[in-house]
Amino acid sequence: MLVAGLVIETVEGAAARVSARLLQVPSLEVEGGDGVRRIAAVVTAPDAAALEALGERLVAGDEEILGVFPTYVGEDAEP
Amino acid sequence: MTISRRDFLKTTAAASALAALGRPGEALASTGGTRWVKSVCRYCGTGCGLYVGVEGGKVTAVRGDVQDHNAGFLCVKGAALPQILGAKDRCLHPLVRKGDKLVRASWDEALGLVASRFQEALQKFGPDAVGFYGSGQGLTEETYVANKLFKAGFRTNNVDGNPRLCMASATAGYVGTYGKDEPMGCYEDLDHADVFFITGSNTAECHPVLFRRIVRRKEQGQDVKVIVLDPRRTPTSRIADLHLSCTPGTDLAIFNAMANVLFAEGLVDRDFIRDHVAFGEGAEVNRALADYEKFLAAWTPAEAARIAGCKAEDIVTAARWFGARGRRTTSLWTMGLNQRSRGTWANQLVHNLHLVTGKIGEPGSTPLSLTGQPNACGGVRDGGALSHLLPYGRLVANEQHRGQMEKLWNVPAGTLSPKPGPAAVDLFRSLEEGKLKCLYVMCTNPGQSLPNVERYRKAMRREGAFLVVSEAFHPTRTSELADVVLPAALWAEKEGVYGCTERRYQLLAQAVEPAGEARPDFQILCELARRTGHQKLVPFRTPDEAWEEILTLAKGTAYDFTGMTRARLRESHGLLWPLPSPGHPGTKRRYVKGDDPLVPADHPQRLKFYGRPDGRAVVWLRPYQPPAEVVDAEYPLWFNTGRVLEHWHTGTMTRNCAELAQSRAEAVAELNPADAKRLGVADGDRAKITSRRGSETFRVSVQDGQRPGSVFTHMHDDQRLCNRLTIDAVDPVSKEPEYKICAVKLEKA
């Protein structure tokens, strides 16, 4: 299992709206943000491919998300 | 209280993300069984600081360094770095060719063979029978040992490296204009710019962490404009206020036309020109402002638009934004300018725009070339590991410089050859011609990355040629051709210094032991020196000892980083040179009085371009010249190559990361919808692309952003070699190949 820390960049002023939508995403936990355009989140994924796919889905599926930037990726041997 | 491993990782991940937002969490102070080792990303020239998480002797995690310039951010490649160390194709033991096969050998056998073959060639054929081809990915100390061993030990200047393929034109541009290599600006300029002029750079995919900084500036600044000059509409263009698409290779005309507009509309800074600028043509600084204005008169926007296939009004707009009074302009570029048969000129014409407007040397106003590799600047350009260079701005052809180096290296006068060696492409031509008998390749993949690659792949397997490849992975498209493969330690398995785009030097600490029998290149080269009788010249036991010597070479030069002691590098999050004493904070903006310690405090102007004897930068009169190969009836499409976000260079590392390997690993041919229709191919079809040098087959990807009449392919795929098609014509000054432009035809396969 992989655990990643992410910063999700949104269009200006959209952080709260995007955070609310992110609550619906399984395996993603919103940890905080700057209240304007950046959100800190933690995701867990079974493998690196799933993690990458999640990042792609976030950007493709939400017009107010400009980018997803990993700040940390750690590996847990437990499934 | 105990927490589970999963909870600990989540806490660390959250703390890392919050720290990137300027809200450090508590978990980073926790040990949790993970040891964090300060390092730098292994990929591009941005030089993102990061920490390597080690548990049980293995790298299990990375996190961005919030105190470094990247503020904790990494791109997807950097985040996947732990996977490269345990890759299934790591080279774990030496290999020696027996007939058609590479078979396992001991270090003693492999290095013994290398030493004996090199010594035999030296004795039979002289110094220029051996050569070294290095990398902008090697650590500074590694490259330094190789450079010293070959130039002062083997007495040959047959020392070049892959930065010749990516940054040589930027170097030639800086040296021609300012007298010294390397940018004067820094990343912080991105936070102050009002106008970004991005040309020949897909920053969004190739330097994503810097692109993020540009995006933030655009959001936060007042009416920040982004101009993107690029034949393709790339992801970088998504933030452009003006995307200026031109026929490949015609940007020289556009740069001159922008200068024309700047003069015509009174947007130049004549006081700055008077105080800081000289003018030149050809190789001489022999012109005046009036000559330049006369030269520019012919370069009207209409004339440039005719050549470049763009709108004249867009050129005018770009010039007006670039030169607007009271606004700060930063130019950024990479391979679109450098990898050209007139790459040096293209670089110089961008510098011209900054010099005539005086938009240089102030926060937010600077020309800043972005670098492709993590240590092309620090190890190769600064360290002088190219065939015409000696360390820290010295030249092979300069008798005084050779004398300085012979004294510093404590070798007899006359040891260093006065004749510059062959640049990269010519080095491999020497191998082809049989002049070069033995070539040592370190940390690079010329069997995939050289232009017109089939020609040079044959040269590497030519009867009588002896090819040594020191590499962390096997097979690569180069190691498969080798006579000896030496397993090299990779990234966190060794210690050394990287120097990135903005003159920032950073120390990578060793975090784990090398995989298998792999050894650091530093150790391999020191052993080769011992076995070839040059232990006295290369006596180092550790990279620290080599660094101590390197500091003495930089002292008193324009690169002076004497204050970057190992201890200081260890505790810092990157230091920018010049940094001439231990207490000096480093230099954000070079040539600027009050910031750069090499500019005298009593200098009468705010800038001094001390790289040149008169202290002035040169505006060069450079006309438009077409590329080495242009489209015609037989080869009607322009061909261009480049990168994608997920993959890097020849893909040896990124293909080993699961999520990256599943994303765009296969190179495709991007084609405009109109061209696809005309050529009878659809998205997903296989198409054979042919140039005068060879053919390769790719799947077609139909893209609106691709300029009509052109095709773009990716360079990372080791099974579909775009360089079978590219041309090995080079810039006459920088000797950098024209990867970005040649003529091809395309047919459905």
# chains A, B, ... in the order shown; residues from 1 in each chain; ligands from 1
call {"tool": "interface_residues", "arguments": {"of": "chain A", "to": "chain B", "cutoff": "10 Å", "atoms": "only C-alpha atoms", "output": "MDAnalysis selection string"}}
result
chainID A and resid 1:9 11:12 29:34 37:44 47:53 55 66:78
call {"tool": "write_last_selection", "arguments": {"atoms": "N, CA and C atoms", "output": "CSV table (one decimal), in the first residue's frame"}}
result
chain,number,residue,atom,x,y,z
A,1,MET,N,0.8,-1.2,0.0
A,1,MET,CA,0.0,0.0,0.0
A,1,MET,C,0.9,1.2,0.0
A,2,LEU,N,0.5,2.2,-0.8
A,2,LEU,CA,1.2,3.5,-0.8
A,2,LEU,C,0.4,4.6,-0.1
A,3,VAL,N,1.1,5.4,0.6
A,3,VAL,CA,0.5,6.6,1.2
A,3,VAL,C,1.2,7.8,0.7
A,4,ALA,N,0.4,8.8,0.2
A,4,ALA,CA,1.0,10.0,-0.4
A,4,ALA,C,0.4,11.2,0.2
A,5,GLY,N,1.3,12.2,0.4
A,5,GLY,CA,0.8,13.6,0.7
A,5,GLY,C,0.7,14.4,-0.6
A,6,LEU,N,-0.3,15.1,-0.7
A,6,LEU,CA,-0.5,15.9,-2.0
A,6,LEU,C,-0.9,17.3,-1.6
A,7,VAL,N,-0.5,18.2,-2.5
A,7,VAL,CA,-1.1,19.5,-2.5
A,7,VAL,C,-1.9,19.7,-3.8
A,8,ILE,N,-3.1,20.0,-3.6
A,8,ILE,CA,-4.0,20.1,-4.8
A,8,ILE,C,-4.2,21.6,-5.0
A,9,GLU,N,-3.8,22.1,-6.2
A,9,GLU,CA,-4.0,23.5,-6.5
A,9,GLU,C,-5.3,23.7,-7.2
A,11,VAL,N,-8.3,26.7,-8.8
A,11,VAL,CA,-8.4,28.1,-9.3
A,11,VAL,C,-8.6,29.0,-8.0
A,12,GLU,N,-8.3,30.2,-8.2
A,12,GLU,CA,-8.4,31.1,-7.0
A,12,GLU,C,-9.8,31.1,-6.4
A,29,GLU,N,-8.1,11.9,2.1
A,29,GLU,CA,-8.5,12.7,3.3
A,29,GLU,C,-8.0,14.1,3.2
A,30,VAL,N,-8.8,15.0,3.3
A,30,VAL,CA,-8.4,16.4,3.3
A,30,VAL,C,-7.8,16.8,4.7
A,31,GLU,N,-6.6,17.4,4.7
A,31,GLU,CA,-5.9,17.7,5.9
A,31,GLU,C,-6.0,19.1,6.3
A,32,GLY,N,-6.2,20.0,5.3
A,32,GLY,CA,-6.3,21.4,5.5
A,32,GLY,C,-6.0,22.1,4.2
A,33,GLY,N,-5.7,23.4,4.3
A,33,GLY,CA,-5.5,24.2,3.1
A,33,GLY,C,-5.3,25.6,3.5
A,34,ASP,N,-5.0,26.4,2.4
A,34,ASP,CA,-4.8,27.9,2.7
A,34,ASP,C,-6.1,28.6,2.6
A,37,ARG,N,-6.6,28.6,-2.5
A,37,ARG,CA,-6.3,27.9,-3.7
A,37,ARG,C,-5.5,26.6,-3.5
A,38,ARG,N,-5.2,26.3,-2.3
A,38,ARG,CA,-4.4,25.1,-2.1
A,38,ARG,C,-5.0,24.2,-1.0
A,39,ILE,N,-4.9,22.9,-1.2
A,39,ILE,CA,-5.5,21.9,-0.3
A,39,ILE,C,-4.4,20.9,0.0
A,40,ALA,N,-4.2,20.6,1.3
A,40,ALA,CA,-3.3,19.5,1.6
A,40,ALA,C,-4.2,18.2,1.8
A,41,ALA,N,-3.7,17.1,1.2
A,41,ALA,CA,-4.5,15.9,1.3
A,41,ALA,C,-3.6,14.7,1.5
A,42,VAL,N,-4.2,13.6,2.0
A,42,VAL,CA,-3.5,12.4,2.0
A,42,VAL,C,-4.3,11.3,1.3
A,43,VAL,N,-3.6,10.6,0.5
A,43,VAL,CA,-4.3,9.5,-0.2
A,43,VAL,C,-3.6,8.2,0.0
A,44,THR,N,-4.4,7.1,0.0
A,44,THR,CA,-3.8,5.8,0.1
A,44,THR,C,-4.3,5.0,-1.2
A,47,ASP,N,-1.4,0.6,-5.1
A,47,ASP,CA,-0.1,0.6,-5.8
A,47,ASP,C,0.1,1.9,-6.5
A,48,ALA,N,1.3,2.1,-7.1
A,48,ALA,CA,1.7,3.4,-7.6
A,48,ALA,C,0.8,3.7,-8.8
A,49,ALA,N,0.4,2.7,-9.6
A,49,ALA,CA,-0.4,3.0,-10.7
A,49,ALA,C,-1.8,3.5,-10.3
A,50,ALA,N,-2.3,3.0,-9.3
A,50,ALA,CA,-3.6,3.5,-8.8
A,50,ALA,C,-3.5,4.9,-8.3
A,51,LEU,N,-2.4,5.2,-7.7
A,51,LEU,CA,-2.1,6.5,-7.2
A,51,LEU,C,-2.1,7.5,-8.3
A,52,GLU,N,-1.4,7.2,-9.3
A,52,GLU,CA,-1.2,8.0,-10.5
A,52,GLU,C,-2.6,8.2,-11.2
A,53,ALA,N,-3.4,7.1,-11.2
A,53,ALA,CA,-4.7,7.2,-11.9
A,53,ALA,C,-5.6,8.1,-11.1
A,55,GLY,N,-4.7,10.7,-9.3
A,55,GLY,CA,-4.3,12.1,-9.6
A,55,GLY,C,-4.9,12.5,-10.9
A,66,LEU,N,-6.4,22.7,-10.7
A,66,LEU,CA,-5.4,23.0,-11.7
A,66,LEU,C,-4.3,22.0,-11.8
A,67,GLY,N,-4.0,21.4,-10.7
A,67,GLY,CA,-2.9,20.4,-10.6
A,67,GLY,C,-2.8,19.7,-9.3
A,68,VAL,N,-2.2,18.5,-9.3
A,68,VAL,CA,-2.0,17.7,-8.1
A,68,VAL,C,-0.5,17.5,-8.0
A,69,PHE,N,0.1,17.9,-6.9
A,69,PHE,CA,1.5,17.9,-6.7
A,69,PHE,C,1.8,17.0,-5.4
A,70,PRO,N,2.5,15.9,-5.6
A,70,PRO,CA,2.9,15.1,-4.5
A,70,PRO,C,4.0,15.7,-3.7
A,71,THR,N,3.9,15.6,-2.4
A,71,THR,CA,5.0,16.1,-1.5
A,71,THR,C,5.6,15.0,-0.8
A,72,TYR,N,5.0,13.9,-0.8
A,72,TYR,CA,5.5,12.7,0.0
A,72,TYR,C,4.9,11.4,-0.6
A,73,VAL,N,5.7,10.4,-0.7
A,73,VAL,CA,5.1,9.1,-1.1
A,73,VAL,C,5.9,8.0,-0.2
A,74,GLY,N,5.1,7.3,0.6
A,74,GLY,CA,5.7,6.3,1.4
A,74,GLY,C,5.1,4.9,1.2
A,75,GLU,N,5.8,3.9,1.4
A,75,GLU,CA,5.4,2.6,1.1
A,75,GLU,C,5.1,1.8,2.4
A,76,ASP,N,4.0,1.1,2.5
A,76,ASP,CA,3.6,0.3,3.6
A,76,ASP,C,3.6,-1.1,3.1
A,77,ALA,N,4.3,-2.0,3.8
A,77,ALA,CA,4.4,-3.4,3.3
A,77,ALA,C,3.0,-4.1,3.5
A,78,GLU,N,2.2,-3.6,4.4
A,78,GLU,CA,0.9,-4.2,4.6
A,78,GLU,C,0.0,-3.9,3.5
call {"tool": "select_by_dssp", "arguments": {"residues": "chain A", "states": "alpha helix (DSSP H)", "output": "VMD selection string"}}
result
chain A and resid 15 to 22 48 to 61
call {"tool": "write_last_selection", "arguments": {"atoms": "N, CA and C atoms", "output": "PDB file, in the first residue's frame"}}
result
ATOM      1  N   ALA A  15     -10.886  26.728  -3.267  1.00  0.00           N
ATOM      2  CA  ALA A  15     -10.391  25.683  -2.363  1.00  0.00           C
ATOM      3  C   ALA A  15     -11.506  25.078  -1.516  1.00  0.00           C
ATOM      4  N   ALA A  16     -12.389  25.895  -1.021  1.00  0.00           N
ATOM      5  CA  ALA A  16     -13.450  25.369  -0.158  1.00  0.00           C
ATOM      6  C   ALA A  16     -14.398  24.476  -0.954  1.00  0.00           C
ATOM      7  N   ARG A  17     -14.765  24.934  -2.131  1.00  0.00           N
ATOM      8  CA  ARG A  17     -15.687  24.132  -2.960  1.00  0.00           C
ATOM      9  C   ARG A  17     -15.050  22.804  -3.341  1.00  0.00           C
ATOM     10  N   VAL A  18     -13.779  22.886  -3.748  1.00  0.00           N
ATOM     11  CA  VAL A  18     -13.093  21.659  -4.156  1.00  0.00           C
ATOM     12  C   VAL A  18     -12.930  20.731  -2.958  1.00  0.00           C
ATOM     13  N   SER A  19     -12.603  21.298  -1.800  1.00  0.00           N
ATOM     14  CA  SER A  19     -12.458  20.469  -0.590  1.00  0.00           C
ATOM     15  C   SER A  19     -13.738  19.708  -0.305  1.00  0.00           C
ATOM     16  N   ALA A  20     -14.841  20.380  -0.467  1.00  0.00           N
ATOM     17  CA  ALA A  20     -16.132  19.729  -0.215  1.00  0.00           C
ATOM     18  C   ALA A  20     -16.337  18.562  -1.177  1.00  0.00           C
ATOM     19  N   ARG A  21     -15.959  18.772  -2.411  1.00  0.00           N
ATOM     20  CA  ARG A  21     -16.134  17.687  -3.391  1.00  0.00           C
ATOM     21  C   ARG A  21     -15.163  16.538  -3.109  1.00  0.00           C
ATOM     22  N   LEU A  22     -13.969  16.899  -2.625  1.00  0.00           N
ATOM     23  CA  LEU A  22     -12.972  15.861  -2.363  1.00  0.00           C
ATOM     24  C   LEU A  22     -13.401  14.918  -1.241  1.00  0.00           C
ATOM     25  N   ALA A  48       1.328   2.091  -7.055  1.00  0.00           N
ATOM     26  CA  ALA A  48       1.683   3.386  -7.644  1.00  0.00           C
ATOM     27  C   ALA A  48       0.801   3.723  -8.828  1.00  0.00           C
ATOM     28  N   ALA A  49       0.411   2.714  -9.578  1.00  0.00           N
ATOM     29  CA  ALA A  49      -0.424   2.977 -10.750  1.00  0.00           C
ATOM     30  C   ALA A  49      -1.778   3.549 -10.319  1.00  0.00           C
ATOM     31  N   ALA A  50      -2.328   2.984  -9.261  1.00  0.00           N
ATOM     32  CA  ALA A  50      -3.617   3.471  -8.780  1.00  0.00           C
ATOM     33  C   ALA A  50      -3.496   4.905  -8.263  1.00  0.00           C
ATOM     34  N   LEU A  51      -2.363   5.188  -7.652  1.00  0.00           N
ATOM     35  CA  LEU A  51      -2.119   6.540  -7.151  1.00  0.00           C
ATOM     36  C   LEU A  51      -2.069   7.543  -8.295  1.00  0.00           C
ATOM     37  N   GLU A  52      -1.355   7.178  -9.329  1.00  0.00           N
ATOM     38  CA  GLU A  52      -1.247   8.036 -10.505  1.00  0.00           C
ATOM     39  C   GLU A  52      -2.619   8.230 -11.156  1.00  0.00           C
ATOM     40  N   ALA A  53      -3.363   7.119 -11.227  1.00  0.00           N
ATOM     41  CA  ALA A  53      -4.684   7.190 -11.858  1.00  0.00           C
ATOM     42  C   ALA A  53      -5.609   8.110 -11.059  1.00  0.00           C
ATOM     43  N   LEU A  54      -5.503   8.052  -9.749  1.00  0.00           N
ATOM     44  CA  LEU A  54      -6.329   8.914  -8.909  1.00  0.00           C
ATOM     45  C   LEU A  54      -6.004  10.387  -9.189  1.00  0.00           C
ATOM     46  N   GLY A  55      -4.712  10.690  -9.265  1.00  0.00           N
ATOM     47  CA  GLY A  55      -4.302  12.061  -9.561  1.00  0.00           C
ATOM     48  C   GLY A  55      -4.854  12.539 -10.887  1.00  0.00           C
ATOM     49  N   GLU A  56      -4.781  11.676 -11.875  1.00  0.00           N
ATOM     50  CA  GLU A  56      -5.303  12.033 -13.201  1.00  0.00           C
ATOM     51  C   GLU A  56      -6.812  12.262 -13.149  1.00  0.00           C
ATOM     52  N   ARG A  57      -7.512  11.389 -12.398  1.00  0.00           N
ATOM     53  CA  ARG A  57      -8.979  11.529 -12.300  1.00  0.00           C
ATOM     54  C   ARG A  57      -9.357  12.840 -11.623  1.00  0.00           C
ATOM     55  N   LEU A  58      -8.596  13.208 -10.614  1.00  0.00           N
ATOM     56  CA  LEU A  58      -8.909  14.454  -9.909  1.00  0.00           C
ATOM     57  C   LEU A  58      -8.821  15.646 -10.847  1.00  0.00           C
ATOM     58  N   VAL A  59      -7.754  15.688 -11.632  1.00  0.00           N
ATOM     59  CA  VAL A  59      -7.578  16.829 -12.539  1.00  0.00           C
ATOM     60  C   VAL A  59      -8.602  16.793 -13.654  1.00  0.00           C
ATOM     61  N   ALA A  60      -8.798  15.603 -14.214  1.00  0.00           N
ATOM     62  CA  ALA A  60      -9.710  15.499 -15.364  1.00  0.00           C
ATOM     63  C   ALA A  60     -11.167  15.714 -14.945  1.00  0.00           C
ATOM     64  N   GLY A  61     -11.499  15.348 -13.703  1.00  0.00           N
ATOM     65  CA  GLY A  61     -12.892  15.357 -13.298  1.00  0.00           C
ATOM     66  C   GLY A  61     -13.363  16.616 -12.600  1.00  0.00           C
TER      67      GLY A  61
END
call {"tool": "residues_around", "arguments": {"residues": "B:Val538", "least_positions_apart": "3", "cutoff": "12 Å", "atoms": "only C-alpha atoms", "output": "compact mmCIF listing (two decimals) with N, CA and C atoms, in the first residue's frame"}}
result
# COMPACT_ATOMS: atom_id res chain seq x y z
N GLU B 141 32.00 15.58 -8.10
CA GLU B 141 33.29 14.96 -7.76
C GLU B 141 33.64 13.84 -8.74
N GLU B 142 32.62 13.13 -9.23
CA GLU B 142 32.85 12.06 -10.21
C GLU B 142 33.36 12.64 -11.52
N TYR B 144 34.68 15.46 -11.96
CA TYR B 144 35.98 16.09 -11.74
C TYR B 144 37.12 15.08 -11.85
N VAL B 145 36.95 13.94 -11.22
CA VAL B 145 38.00 12.91 -11.27
C VAL B 145 38.23 12.46 -12.71
N ALA B 146 37.15 12.24 -13.45
CA ALA B 146 37.29 11.81 -14.85
C ALA B 146 38.02 12.87 -15.67
N ASN B 147 37.60 14.13 -15.50
CA ASN B 147 38.21 15.23 -16.26
C ASN B 147 39.71 15.34 -15.97
N LYS B 148 40.05 15.23 -14.69
CA LYS B 148 41.45 15.36 -14.30
C LYS B 148 42.27 14.17 -14.81
N LEU B 149 41.70 12.98 -14.67
CA LEU B 149 42.42 11.78 -15.09
C LEU B 149 42.70 11.80 -16.59
N PHE B 150 41.69 12.16 -17.37
CA PHE B 150 41.86 12.11 -18.82
C PHE B 150 42.71 13.27 -19.33
N ALA B 152 44.76 15.52 -17.53
CA ALA B 152 46.11 15.68 -16.96
C ALA B 152 46.85 14.36 -16.84
N GLY B 153 46.09 13.25 -16.75
CA GLY B 153 46.73 11.94 -16.62
C GLY B 153 47.00 11.32 -17.99
N TRP B 409 47.12 21.54 -10.40
CA TRP B 409 47.11 20.07 -10.38
C TRP B 409 48.52 19.50 -10.12
N ASN B 410 49.46 20.39 -9.99
CA ASN B 410 50.82 19.97 -9.66
C ASN B 410 51.36 18.96 -10.69
N VAL B 411 51.19 19.31 -11.98
CA VAL B 411 51.73 18.49 -13.06
C VAL B 411 52.72 19.36 -13.85
N PHE B 522 32.71 7.63 -8.58
CA PHE B 522 33.90 8.23 -7.99
C PHE B 522 34.92 7.16 -7.62
N GLN B 523 34.44 6.12 -6.97
CA GLN B 523 35.31 5.03 -6.54
C GLN B 523 35.87 4.26 -7.74
N ILE B 524 35.03 4.05 -8.74
CA ILE B 524 35.46 3.31 -9.94
C ILE B 524 36.58 4.07 -10.65
N LEU B 525 36.38 5.37 -10.79
CA LEU B 525 37.37 6.18 -11.51
C LEU B 525 38.68 6.29 -10.74
N CYS B 526 38.58 6.43 -9.41
CA CYS B 526 39.81 6.48 -8.60
C CYS B 526 40.58 5.17 -8.74
N GLU B 527 39.85 4.06 -8.81
CA GLU B 527 40.50 2.77 -8.97
C GLU B 527 41.14 2.65 -10.37
N LEU B 528 40.45 3.16 -11.36
CA LEU B 528 41.03 3.15 -12.72
C LEU B 528 42.31 3.99 -12.75
N ALA B 529 42.29 5.12 -12.06
CA ALA B 529 43.49 5.96 -11.98
C ALA B 529 44.64 5.18 -11.34
N ARG B 530 44.33 4.46 -10.28
CA ARG B 530 45.37 3.68 -9.60
C ARG B 530 45.93 2.61 -10.53
N ARG B 531 45.05 1.96 -11.24
CA ARG B 531 45.48 0.85 -12.10
C ARG B 531 46.23 1.34 -13.34
N THR B 532 46.05 2.61 -13.71
CA THR B 532 46.76 3.13 -14.87
C THR B 532 47.96 4.00 -14.45
N GLY B 533 48.31 3.96 -13.19
CA GLY B 533 49.51 4.64 -12.72
C GLY B 533 49.33 6.10 -12.40
N HIS B 534 48.09 6.52 -12.13
CA HIS B 534 47.85 7.94 -11.85
C HIS B 534 47.29 8.15 -10.44
N GLN B 535 47.72 7.32 -9.53
CA GLN B 535 47.23 7.46 -8.16
C GLN B 535 47.68 8.77 -7.53
N ARG B 541 40.43 9.60 -1.37
CA ARG B 541 39.79 8.44 -0.76
C ARG B 541 38.28 8.64 -0.66
N THR B 542 37.86 9.90 -0.59
CA THR B 542 36.44 10.20 -0.45
C THR B 542 36.09 11.40 -1.33
N PRO B 543 34.80 11.53 -1.66
CA PRO B 543 34.37 12.73 -2.41
C PRO B 543 34.69 14.02 -1.65
N GLU B 545 37.33 14.73 -0.03
CA GLU B 545 38.71 15.14 -0.34
C GLU B 545 38.78 15.79 -1.72
N ALA B 546 38.04 15.23 -2.67
CA ALA B 546 38.02 15.84 -4.01
C ALA B 546 37.40 17.23 -3.96
N GLU B 549 39.74 19.93 -2.98
CA GLU B 549 40.60 20.35 -4.10
C GLU B 549 39.82 21.23 -5.09
call {"tool": "closest_residue", "arguments": {"among": "B:Leu113, B:Ala682, B:Ala459, B:Val396", "to": "B:Asp426", "atoms": "only C-alpha atoms"}}
result
B:Ala459
call {"tool": "closest_residue", "arguments": {"among": "B:Gly185, B:Gly393, B:Pro163, B:Gly126", "to": "B:Asp595", "atoms": "only C-alpha atoms"}}
result
B:Gly185
call {"tool": "closest_residue", "arguments": {"among": "B:Thr177, B:Ser710, B:Gln222, B:Ser369", "to": "B:Cys246", "atoms": "only C-alpha atoms"}}
result
B:Ser710
call {"tool": "atom_distance", "arguments": {"atom1": "atom CA of B:Asp731", "atom2": "atom CA of B:Leu349"}}
result
15.0 Å
call {"tool": "residues_around", "arguments": {"residues": "stretch 43-45 of chain B", "least_positions_apart": "2", "cutoff": "10 Å", "atoms": "only C-alpha atoms", "output": "VMD selection string"}}
result
chain B and resid 40 to 41 47 to 48 75 77 to 78 81 136 to 137 206 to 208 370 to 377 491 498 to 502 647 to 649 653 to 654
call {"tool": "write_last_selection", "arguments": {"atoms": "N, CA and C atoms", "output": "short mmCIF file (atom, residue, chain, number, x, y, z; two decimals), in the first residue's frame"}}
result
data_model
loop_
_atom_site.label_atom_id
_atom_site.label_comp_id
_atom_site.auth_asym_id
_atom_site.auth_seq_id
_atom_site.Cartn_x
_atom_site.Cartn_y
_atom_site.Cartn_z
N VAL B 40 18.69 15.54 -3.21
CA VAL B 40 18.20 16.36 -4.32
C VAL B 40 17.59 15.40 -5.33
N CYS B 41 16.58 15.86 -6.03
CA CYS B 41 15.94 15.01 -7.03
C CYS B 41 16.96 14.58 -8.09
N GLY B 47 16.49 20.92 -9.80
CA GLY B 47 17.23 20.70 -8.56
C GLY B 47 16.35 20.78 -7.32
N CYS B 48 15.23 20.09 -7.32
CA CYS B 48 14.32 20.14 -6.18
C CYS B 48 14.94 19.43 -4.97
N CYS B 75 7.57 16.81 -8.51
CA CYS B 75 6.70 16.39 -9.61
C CYS B 75 6.49 14.90 -9.49
N LYS B 77 7.58 12.48 -11.18
CA LYS B 77 8.80 11.67 -11.33
C LYS B 77 9.58 11.64 -10.02
N GLY B 78 9.72 12.80 -9.41
CA GLY B 78 10.45 12.87 -8.15
C GLY B 78 9.79 12.06 -7.06
N LEU B 81 10.71 8.39 -7.08
CA LEU B 81 12.14 8.06 -7.07
C LEU B 81 12.52 6.77 -6.31
N GLY B 136 25.64 15.08 -17.50
CA GLY B 136 25.11 16.09 -16.59
C GLY B 136 24.35 15.48 -15.44
N GLN B 137 24.45 14.16 -15.30
CA GLN B 137 23.81 13.48 -14.17
C GLN B 137 24.84 12.93 -13.18
N CYS B 206 8.32 19.73 -18.63
CA CYS B 206 9.75 19.45 -18.44
C CYS B 206 10.31 20.04 -17.15
N HIS B 207 9.71 21.09 -16.64
CA HIS B 207 10.13 21.70 -15.38
C HIS B 207 8.88 22.04 -14.56
N PRO B 208 8.09 21.01 -14.20
CA PRO B 208 6.76 21.27 -13.64
C PRO B 208 6.76 22.06 -12.33
N LEU B 370 16.68 27.33 -18.71
CA LEU B 370 16.37 26.20 -17.82
C LEU B 370 17.19 24.99 -18.26
N THR B 371 17.68 24.25 -17.28
CA THR B 371 18.61 23.17 -17.57
C THR B 371 17.90 21.83 -17.55
N GLY B 372 18.37 20.93 -18.40
CA GLY B 372 17.70 19.65 -18.55
C GLY B 372 18.13 18.59 -17.56
N GLN B 373 19.37 18.64 -17.10
CA GLN B 373 19.89 17.59 -16.24
C GLN B 373 20.29 18.17 -14.88
N PRO B 374 20.35 17.30 -13.86
CA PRO B 374 20.53 17.83 -12.50
C PRO B 374 21.91 18.41 -12.21
N ASN B 375 22.92 18.00 -13.00
CA ASN B 375 24.26 18.53 -12.71
C ASN B 375 25.02 18.88 -13.99
N ALA B 376 24.29 19.22 -15.03
CA ALA B 376 24.96 19.70 -16.24
C ALA B 376 25.70 20.99 -15.93
N CYS B 377 25.08 21.84 -15.12
CA CYS B 377 25.72 23.12 -14.78
C CYS B 377 26.90 22.90 -13.84
N TRP B 491 22.20 7.52 -7.40
CA TRP B 491 21.52 8.55 -6.59
C TRP B 491 21.76 8.39 -5.09
N TYR B 498 25.44 18.32 -6.55
CA TYR B 498 24.74 18.69 -7.78
C TYR B 498 24.65 20.22 -7.86
N GLY B 499 24.80 20.75 -9.06
CA GLY B 499 24.62 22.19 -9.28
C GLY B 499 23.57 22.41 -10.34
N CYS B 500 22.47 23.10 -10.02
CA CYS B 500 21.32 23.20 -10.93
C CYS B 500 21.29 24.55 -11.65
N THR B 501 20.18 24.77 -12.33
CA THR B 501 19.98 25.92 -13.22
C THR B 501 20.44 27.26 -12.66
N GLU B 502 20.09 27.54 -11.41
CA GLU B 502 20.28 28.91 -10.89
C GLU B 502 21.59 29.08 -10.11
N HIS B 647 8.04 11.04 -18.27
CA HIS B 647 9.29 10.35 -18.61
C HIS B 647 10.43 11.34 -18.81
N TRP B 648 11.61 10.79 -18.65
CA TRP B 648 12.77 11.67 -18.62
C TRP B 648 13.87 11.09 -19.51
N HIS B 649 14.32 11.90 -20.41
CA HIS B 649 15.43 11.55 -21.30
C HIS B 649 15.26 10.17 -21.94
N MET B 653 15.28 5.41 -16.11
CA MET B 653 14.77 5.47 -14.74
C MET B 653 13.24 5.46 -14.71
N THR B 654 12.61 6.30 -15.52
CA THR B 654 11.15 6.44 -15.40
C THR B 654 10.41 5.18 -15.85
#
call {"tool": "residues_around", "arguments": {"residues": "B:Arg606", "least_positions_apart": "5", "cutoff": "9 Å", "atoms": "only C-alpha atoms", "output": "VMD selection string"}}
result
chain B and resid 361 591 to 594
